[in-house]
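Only one structure is covered here, and it is reproduced in the block below.
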Amino acid sequence: MLTHSQTSSSPLEPLLAAARSEGRPVILDGGFGQLIADEYPELDQSGGMWVSGVAIRAPSAIRDAHRRYLEAGADIITTATYQASAGGYVAAGLAATEADADALLAATVALAVEARAQFIQARSEAEPRQRRPLVAVSLGSVGATLGDCSEYTGRFGQGLTTQGVYEFHLQRFAMLARCLTTAELRGQIDLLAMETIPSAEEATAIVRALDQLSRDGVELPAAWIAFTTPVANQTGLGEPIEDAVRAATSSPRVCAVGINCVPTHVVPELLANMARVSPVPVVCYPNGQTWQGSVNEWGDASTQVSPADYAKSAMEWAQNGALVVGGCCKTTPEHIRSLADAAAAIGNI
C-alpha cells in the first residue's frame, strides 16, 4: 500500500494542511452543468455536449458560475469539461479538427482560471493573506461521452473494450497535456479531477494511462479519482468498493480518491468503507437531490436537500473521514456557502 506521501508534492497537500490546522475540511465547489441548466433556461441545452456549446456561445455564464462558487467559499473549483473529448467535440459539431478540439478544451479550462484571477483581484485589498484557490480540470468516465448513462453502470456499449477505455483516456490526457502547455494555461492548473467513475476496471485504465504518459515524459497535475455508485459497498459495476480504492491509489500520480454523484443516504457507510483502505485523502461530493433512475428524471422538490441540511450532513462526512467536501448535481452556490460557513464555525470553536 502506498503512503500518504503521495499527496506531498501536489498542491492539495498545503491546502489540506491549512484546513487541518483550522479544524475544518477543504471546500470543493458544487454542481455545474445542472446549475447552468437551471439558471440559464434560455441557453440551448440540446445534445450531450451542450455545456461545451455554452462555453463558445455564452462563456460569461460559465465564468460567472465559477466565480459564484469562489465567492461562496470554495477552496477548489472544477472546470466545465466533464464530457470533453476530441471525438465528442467533433461529433457535436463543436470542432472540425484536433486543433479545434484542443482550442475548445483550452478555452473552457481558461474560464475557470479567469474566474479565479478576477476573484483574487477583487479580494486582494480586503483580504491580502487569503489562500489562492485551486483549479481542477474535470474529466468524466468514458461513459460520460457516450450519452447512454453508462458512466453510472460501467457497462459501456459501442463495442468498447478494456483496451479501448485505456486508449480513450490516454488520448484525452494527451489532449489535455497539449492544452496545458499554452501560454494562458501553463502553470495555472493545480489538479485533475477524474469524476463519476463507475468501476475499478476503468480506474485501472485511468491509472495505466497516467503512468504511461509519465513514462513518456508527459506530466499532468496530480489527480483524484471519484467513484459513483447507488450503494455503499460496491461500485456502479458491482465490484467491492475497496477494490476500486486500491485500483485508483496504485499510482503515485493519484493524490486523493473519493465519491461523487451519489445519493446522500449512502455516504456515511461508503466513506467508512473507502477510508478503511485508502492511503490518500478522501473527497466527497454527492448530489443534492434524489435521482429517480426508473423514470430517468430528478425527484420532486421534496427530495431536494436544503443548503442548511446539506451543510449539516457534510460536516458529519468530514468528521468521518472526508477531508475534501463539496457538491455534485443539484447543489448550488448556496449549498457551498452554507457548507463553508459551517466549516468556518467549526474552525473557530
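Naming scheme: A, B, ... for chains in displayed order of the C-alpha cells; residues 1 onward per chain; ligands 1 onward as shown.
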
Using 10 Å as the limit and counting only C-alpha atoms, can you tabulate each residue of stretch 96-203 of chain A that touches stretch 14-28 of chain A, with its shortest atom-to-atom distance in Å and the two atoms involved, as a Markdown table?
| residue | atom | partner | partner_atom | distance |
| --- | --- | --- | --- | --- |
| A:Arg131 | CA | A:Leu15 | CA | 8.2 |
| A:Arg132 | CA | A:Leu15 | CA | 9.2 |
| A:Pro133 | CA | A:Leu15 | CA | 8.9 |
| A:Leu134 | CA | A:Leu15 | CA | 8.9 |
| A:Ala136 | CA | A:Leu28 | CA | 9.9 |

Write to file, as a PDB file, in the first residue's frame, the residues of the selection just made, with N, CA and C atoms.
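The resulting selection-v4.pdb:
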ATOM      1  N   ARG A 131      -5.671  32.375   1.096  1.00  0.00           N
ATOM      2  CA  ARG A 131      -5.059  31.368   0.225  1.00  0.00           C
ATOM      3  C   ARG A 131      -5.566  31.490  -1.208  1.00  0.00           C
ATOM      4  N   ARG A 132      -4.715  31.067  -2.134  1.00  0.00           N
ATOM      5  CA  ARG A 132      -5.090  31.030  -3.545  1.00  0.00           C
ATOM      6  C   ARG A 132      -5.949  29.795  -3.791  1.00  0.00           C
ATOM      7  N   PRO A 133      -7.171  29.957  -4.295  1.00  0.00           N
ATOM      8  CA  PRO A 133      -7.990  28.779  -4.608  1.00  0.00           C
ATOM      9  C   PRO A 133      -7.340  27.944  -5.705  1.00  0.00           C
ATOM     10  N   LEU A 134      -7.655  26.670  -5.710  1.00  0.00           N
ATOM     11  CA  LEU A 134      -7.115  25.762  -6.712  1.00  0.00           C
ATOM     12  C   LEU A 134      -8.116  25.554  -7.839  1.00  0.00           C
ATOM     13  N   ALA A 136      -9.161  22.648 -10.622  1.00  0.00           N
ATOM     14  CA  ALA A 136      -9.032  21.246 -11.028  1.00  0.00           C
ATOM     15  C   ALA A 136      -9.732  21.046 -12.359  1.00  0.00           C
TER      16      ALA A 136
END

Surrounding residues of stretch 182-189 of chain A excluding itself and chain neighbours under 2 positions, 6 Å, only C-alpha atoms, as a list in words: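 Once the nearby chain positions are removed, what remains is Val135, Cys179 and Leu180 of chain A.
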
Secondary structure check, helix (DSSP H, G or I) residues of stretch 242-333 of chain A, as JSON, numbers by chain: {"A": [242, 243, 244, 245, 246, 247, 248, 264, 265, 266, 267, 268, 269, 270, 271, 272, 273, 274, 275, 301, 302, 303, 307, 308, 309, 310, 311, 312, 313, 314, 315, 316, 317, 318, 319, 333]}

Have a look at A:Gly238, A:Ala117, A:Ala84, A:Ala222 and name the one nearest to A:Phe168; count only C-alpha atoms. A:Ala84

Between atom CA of A:Ala99 and atom CA of A:Met194 - distance in Å to one decimal: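 These atoms are spaced 23.1 Å apart.
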
Spatial neighbours of A:Leu35, 10 Å, only C-alpha atoms, chain gap at least 6 places, as a list in words: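 The residues that qualify are Ile62, Ala65, Cys328, Cys329, Lys330, Thr331, Thr332 and Pro333 of chain A.
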
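Distance check against A:Pro307 using only C-alpha atoms: of A:Val283, A:Ala340, A:Val51, A:Ala177, the minimum falls on A:Ala340.
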
For atom CA of A:Glu269 and atom CA of A:Thr229, quote the distance in Å rounded to one decimal. 12.2 Å

What parts of stretch 72-210 of chain A does DSSP call strand (DSSP E or B)? I'd like the answer as a PyMOL selection string. chain A and resi 76-78+134-140+191-197

Stretch 85-95 of chain A surroundings by only C-alpha atoms, 12 Å radius, close-in-sequence under 6 positions cut, as a ChimeraX atom specification: /A:46-57,101-106,138-147,168-176

Could you give me, as a PyMOL selection string, the residues within 10 Å of A:Ala314, counting only C-alpha atoms and dropping anything in the same chain fewer than 2 positions from it? chain A and resi 25+264+267-268+284-286+308-312+316-320+322+324-327+338-340+342-343

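Closest approach to A:Arg116 among A:Ala209, A:Ala203, A:Ala345, A:Ala74: A:Ala74, based on only C-alpha atoms.
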
Nearest candidate to A:Ile77 (options A:Gly299, A:Pro252, A:Gly31, A:Pro41; using only C-alpha atoms): A:Gly31

Give me the residues within 9 Å of stretch 244-248 of chain A as a PyMOL selection string, counting only C-alpha atoms and dropping any in the same chain fewer than 6 places off. chain A and resi 1+199-201+203-204+206-207+224-227+234-235+254+256-258+274-275+277-279

Next, write the just-selected residues to a file, as a tab-separated table (two decimals), in the first residue's frame, keeping C-alpha atoms as the atom set.
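Here's the written file selection-v9.tsv:
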chain	number	residue	atom	x	y	z
A	1	MET	CA	0.00	0.00	0.00
A	199	SER	CA	-15.69	0.76	-11.78
A	200	ALA	CA	-12.32	-0.45	-10.56
A	201	GLU	CA	-11.76	-1.57	-14.14
A	203	ALA	CA	-9.91	3.32	-12.61
A	204	THR	CA	-7.19	0.85	-13.60
A	206	ILE	CA	-7.02	5.72	-15.95
A	207	VAL	CA	-4.03	4.89	-13.76
A	224	TRP	CA	-8.10	12.41	-7.76
A	225	ILE	CA	-10.44	9.64	-8.85
A	226	ALA	CA	-14.05	9.85	-7.65
A	227	PHE	CA	-16.40	6.89	-8.00
A	234	GLN	CA	-19.94	-1.69	-4.42
A	235	THR	CA	-19.04	0.32	-7.49
A	254	VAL	CA	-3.26	9.87	-7.74
A	256	ALA	CA	-6.87	11.51	-3.49
A	257	VAL	CA	-9.80	9.19	-4.01
A	258	GLY	CA	-13.48	9.77	-3.43
A	274	MET	CA	-13.29	3.69	1.45
A	275	ALA	CA	-11.41	5.35	4.29
A	277	VAL	CA	-8.36	1.05	2.85
A	278	SER	CA	-7.39	4.39	1.31
A	279	PRO	CA	-3.79	5.57	1.77

Separation of atom CA of A:Thr290 from atom CA of A:Thr153 in Å: 17.2 Å
